[in-house]
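As provided, data_22.cif (mmCIF, C-alpha atoms) reads as follows.
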```cif
data_work
loop_
_atom_site.group_PDB
_atom_site.id
_atom_site.type_symbol
_atom_site.label_atom_id
_atom_site.label_comp_id
_atom_site.auth_asym_id
_atom_site.auth_seq_id
_atom_site.Cartn_x
_atom_site.Cartn_y
_atom_site.Cartn_z
ATOM 1 C CA MET A 1 63.454 139.660 -64.355
ATOM 2 C CA THR A 2 61.088 141.475 -66.670
ATOM 3 C CA SER A 3 58.318 143.709 -65.342
ATOM 4 C CA THR A 4 55.722 141.231 -66.617
ATOM 5 C CA THR A 5 57.402 138.380 -64.755
ATOM 6 C CA PHE A 6 57.564 140.488 -61.599
ATOM 7 C CA ILE A 7 53.861 141.396 -61.789
ATOM 8 C CA ARG A 8 52.894 137.782 -62.414
ATOM 9 C CA ALA A 9 55.015 136.636 -59.462
ATOM 10 C CA ALA A 10 53.477 139.328 -57.232
ATOM 11 C CA PHE A 11 49.975 138.186 -58.191
ATOM 12 C CA LEU A 12 50.972 134.587 -57.474
ATOM 13 C CA VAL A 13 52.098 135.577 -53.975
ATOM 14 C CA GLU A 14 48.840 137.524 -53.539
ATOM 15 C CA ALA A 15 46.818 134.498 -54.649
ATOM 16 C CA ALA A 16 48.530 132.271 -52.102
ATOM 17 C CA GLY A 17 47.924 134.865 -49.380
ATOM 18 C CA ASN A 18 44.307 135.179 -50.461
ATOM 19 C CA LEU A 19 43.729 131.454 -50.025
ATOM 20 C CA PHE A 20 45.349 131.499 -46.601
ATOM 21 C CA GLY A 21 43.202 134.465 -45.520
ATOM 22 C CA ALA A 22 40.051 133.002 -47.062
ATOM 23 C CA ALA A 23 40.582 129.731 -45.210
ATOM 24 C CA ALA A 24 40.783 131.653 -41.935
ATOM 25 C CA MET A 25 37.624 133.625 -42.815
ATOM 26 C CA LEU A 26 35.717 130.459 -43.681
ATOM 27 C CA LEU A 27 36.902 128.262 -40.828
ATOM 28 C CA TYR A 28 37.373 130.788 -37.999
ATOM 29 C CA PRO A 29 35.050 133.719 -38.746
ATOM 30 C CA ASP A 30 34.477 134.587 -35.080
ATOM 31 C CA ALA A 31 38.201 134.825 -34.376
ATOM 32 C CA ILE A 32 38.778 137.071 -37.407
ATOM 33 C CA VAL A 33 35.846 139.346 -36.524
ATOM 34 C CA LYS A 34 37.076 139.675 -32.931
ATOM 35 C CA LEU A 35 40.545 140.516 -34.222
ATOM 36 C CA VAL A 36 39.478 143.324 -36.561
ATOM 37 C CA THR A 37 36.635 144.993 -34.642
ATOM 38 C CA PRO A 38 37.130 147.646 -31.962
ATOM 39 C CA THR A 39 34.758 145.896 -29.542
ATOM 40 C CA GLY A 40 36.229 142.439 -30.078
ATOM 41 C CA ILE A 41 32.697 141.066 -30.221
ATOM 42 C CA SER A 42 31.491 138.716 -32.940
ATOM 43 C CA THR A 43 27.809 138.283 -33.655
ATOM 44 C CA ALA A 44 26.199 135.602 -35.788
ATOM 45 C CA THR A 45 25.623 138.235 -38.489
ATOM 46 C CA SER A 46 29.210 139.470 -38.525
ATOM 47 C CA ALA A 47 30.521 135.886 -38.594
ATOM 48 C CA SER A 48 28.232 135.106 -41.547
ATOM 49 C CA PHE A 49 29.434 138.174 -43.426
ATOM 50 C CA MET A 50 33.037 137.181 -42.746
ATOM 51 C CA GLN A 51 32.378 133.736 -44.221
ATOM 52 C CA TRP A 52 30.721 135.352 -47.256
ATOM 53 C CA MET A 53 33.827 137.491 -47.740
ATOM 54 C CA GLY A 54 35.968 134.363 -47.523
ATOM 55 C CA ALA A 55 33.823 132.658 -50.148
ATOM 56 C CA LEU A 56 34.159 135.677 -52.455
ATOM 57 C CA VAL A 57 37.931 135.659 -52.027
ATOM 58 C CA VAL A 58 38.022 131.941 -52.899
ATOM 59 C CA GLY A 59 35.887 132.635 -55.970
ATOM 60 C CA LEU A 60 38.036 135.518 -57.225
ATOM 61 C CA THR A 61 41.466 134.010 -56.569
ATOM 62 C CA PRO A 62 41.779 131.165 -59.128
ATOM 63 C CA GLN A 63 42.064 133.642 -62.000
ATOM 64 C CA LEU A 64 45.397 134.778 -60.574
ATOM 65 C CA PHE A 65 46.728 131.232 -60.761
ATOM 66 C CA LEU A 66 45.297 130.672 -64.248
ATOM 67 C CA VAL A 67 47.025 133.692 -65.832
ATOM 68 C CA PHE A 68 50.454 132.925 -64.349
ATOM 69 C CA PRO A 69 51.743 130.569 -67.085
ATOM 70 C CA ASP A 70 53.195 131.933 -70.313
ATOM 71 C CA THR A 71 50.724 130.136 -72.542
ATOM 72 C CA PRO A 72 48.821 132.003 -75.280
ATOM 73 C CA ARG A 73 45.537 131.460 -73.480
ATOM 74 C CA ALA A 74 46.863 132.787 -70.163
ATOM 75 C CA ILE A 75 48.471 135.773 -71.858
ATOM 76 C CA ALA A 76 45.214 136.600 -73.645
ATOM 77 C CA SER A 77 43.285 136.400 -70.373
ATOM 78 C CA ARG A 78 45.563 138.705 -68.373
ATOM 79 C CA PRO A 79 44.011 142.054 -69.332
ATOM 80 C CA LEU A 80 40.529 140.923 -68.248
ATOM 81 C CA VAL A 81 41.825 139.505 -64.966
ATOM 82 C CA TYR A 82 43.971 142.562 -64.211
ATOM 83 C CA TRP A 83 41.134 144.992 -64.995
ATOM 84 C CA THR A 84 38.745 142.980 -62.825
ATOM 85 C CA LEU A 85 41.195 143.158 -59.924
ATOM 86 C CA PHE A 86 41.721 146.868 -60.519
ATOM 87 C CA ALA A 87 37.964 147.522 -60.489
ATOM 88 C CA GLY A 88 37.575 145.748 -57.169
ATOM 89 C CA GLU A 89 40.505 147.594 -55.594
ATOM 90 C CA ALA A 90 39.327 150.912 -57.057
ATOM 91 C CA ALA A 91 35.998 150.436 -55.275
ATOM 92 C CA LEU A 92 37.240 148.969 -51.981
ATOM 93 C CA VAL A 93 40.264 151.135 -51.163
ATOM 94 C CA PRO A 94 38.463 154.513 -51.298
ATOM 95 C CA LEU A 95 35.561 153.033 -49.315
ATOM 96 C CA MET A 96 37.912 151.764 -46.614
ATOM 97 C CA LEU A 97 39.766 155.083 -46.449
ATOM 98 C CA TRP A 98 36.465 156.976 -46.264
ATOM 99 C CA GLN A 99 35.309 154.728 -43.406
ATOM 100 C CA LEU A 100 38.639 155.325 -41.686
ATOM 101 C CA LEU A 101 38.239 159.097 -41.961
ATOM 102 C CA GLN A 102 34.613 158.937 -40.794
ATOM 103 C CA GLY A 103 35.561 156.753 -37.855
ATOM 104 C CA ASN A 104 32.528 154.525 -38.348
ATOM 105 C CA GLY A 105 33.756 151.623 -40.423
ATOM 106 C CA GLY A 106 33.109 149.105 -37.688
ATOM 107 C CA LEU A 107 36.712 147.901 -37.899
ATOM 108 C CA THR A 108 39.814 148.879 -35.983
ATOM 109 C CA THR A 109 41.988 151.619 -37.434
ATOM 110 C CA ASN A 110 44.763 149.117 -38.118
ATOM 111 C CA ALA A 111 42.374 146.693 -39.850
ATOM 112 C CA LEU A 112 41.165 149.443 -42.194
ATOM 113 C CA LEU A 113 44.689 150.737 -42.816
ATOM 114 C CA LEU A 114 46.049 147.268 -43.546
ATOM 115 C CA SER A 115 43.140 146.527 -45.879
ATOM 116 C CA ALA A 116 43.428 149.802 -47.781
ATOM 117 C CA ALA A 117 47.214 150.105 -47.766
ATOM 118 C CA PRO A 118 49.092 146.924 -46.810
ATOM 119 C CA GLY A 119 52.058 147.729 -44.607
ATOM 120 C CA ALA A 120 50.454 150.861 -43.127
ATOM 121 C CA THR A 121 49.526 150.704 -39.472
ATOM 122 C CA LYS A 122 48.848 153.249 -36.792
ATOM 123 C CA LYS A 123 51.301 153.236 -33.905
ATOM 124 C CA GLU A 124 49.379 152.676 -30.690
#
```

How does the structure come out when it is put into C-alpha cells?
Amino acid sequence: MTSTTFIRAAFLVEAAGNLFGAAAMLLYPDAIVKLVTPTGISTATSASFMQWMGALVVGLTPQLFLVFPDTPRAIASRPLVYWTLFAGEAALVPLMLWQLLQGNGGLTTNALLLSAAPGATKKE
C-alpha cells in the first residue's frame, strides 16, 4: 500500500465517521450536549449550536469522498481539500487545547482531549 493510498483510505474512514457523528449531532443534539458537558445540562442554545456543528460537518465531508478515486479530477482536487482540512484542524486543535488548559471550555476534559487528540483521554 502506497502512502497516498493509505492517506486516502484514512480520509475515507474519517468521512464515514464524520457522517455518523454529524447525524447524531443533527438528530440528537441534547443527548450529545449532555454527554460532553461537565454539568450534563443541555439548553436550547447549546442544542442549536450542536446542530449547527453537525450541519457544518455534513457540508465539509463530501470533499473527502470526492477526492478518493484515482481520476485526474480527484487527484487535481486533493491539494485544495487537504489544505482546507489542515487549516480547520490548525485552528481548532490549539483552541481546544487552550480551553483545556484554561479549564473553561464548557466541555468535559475527555471531550476536549478526544476532540483535540483522538485516542487521548484522562483516566478518572

What are the nearest atom pairs, with distances in Å to one decimal, for all residues of segment 50-96 of chain A that come at most 8 Å from segment 5-13 of chain A, using all atoms listed in the file, set out by chain and rising residue number as JSON lines?
```
{"residue": "A:Leu64", "atom": "CA", "partner": "A:Phe11", "partner_atom": "CA", "distance": 6.2}
{"residue": "A:Phe65", "atom": "CA", "partner": "A:Leu12", "partner_atom": "CA", "distance": 6.3}
{"residue": "A:Val67", "atom": "CA", "partner": "A:Arg8", "partner_atom": "CA", "distance": 7.9}
{"residue": "A:Phe68", "atom": "CA", "partner": "A:Arg8", "partner_atom": "CA", "distance": 5.8}
```

Open item on the list: So, with all atoms listed in the file as the atoms that count, which of A:Pro94, A:Gly59, A:Pro69, A:Pro38 lies closest to Leu107 of chain A?
Closed with: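 Of A:Pro94, A:Gly59, A:Pro69, A:Pro38, the one nearest Leu107 of chain A, counting all atoms listed in the file, is A:Pro38.
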
Task: Chain and number of each residue from the PyMOL selection byres ((chain A and resi 44-47) around 7), as an NGL selection string - done: :A and (29-30 or 33 or 42-43 or 48-51)

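Once the PyMOL selection byres ((chain A and resi 36) around 9) is applied to the depicted file, the selected set reads Ala31, Ile32, Val33, Lys34, Leu35, Thr37, Pro38, Thr39, Gly40, Gly106, Leu107, Thr108, Thr109, Asn110, Ala111 and Leu112 of chain A.
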
TODO: Quick one: apply the PyMOL selection byres ((chain A and resi 23) around 12) to the file and drop the selected residues here as a VMD selection string.
DONE: chain A and resid 16 to 22 24 to 29 32 50 to 58

TODO: Work out how far apart atom CA of Glu89 of chain A and atom CA of Ile41 of chain A are and give it in Å to one decimal.
DONE: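 Between atom CA of Glu89 of chain A and atom CA of Ile41 of chain A the gap is 27.3 Å.
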
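Each of A:Leu92, A:Leu101, A:Ala15, A:Gln63 was checked against Ile75 of chain A using only C-alpha atoms; the smallest atom-to-atom distance is that of A:Gln63.
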
Open item on the list: Between atom CA of Leu60 of chain A and atom CA of Met96 of chain A, what distance in Å does the model show, to one decimal?
Closed with: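 Answer for the atom CA of Leu60 of chain A to atom CA of Met96 of chain A separation: 19.4 Å.
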
Open item on the list: To one decimal place in Å, what is the distance between atom CA of Ala117 of chain A and atom CA of Leu100 of chain A?
Closed with: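 Straight-line distance from atom CA of Ala117 of chain A to atom CA of Leu100 of chain A works out to 11.7 Å.
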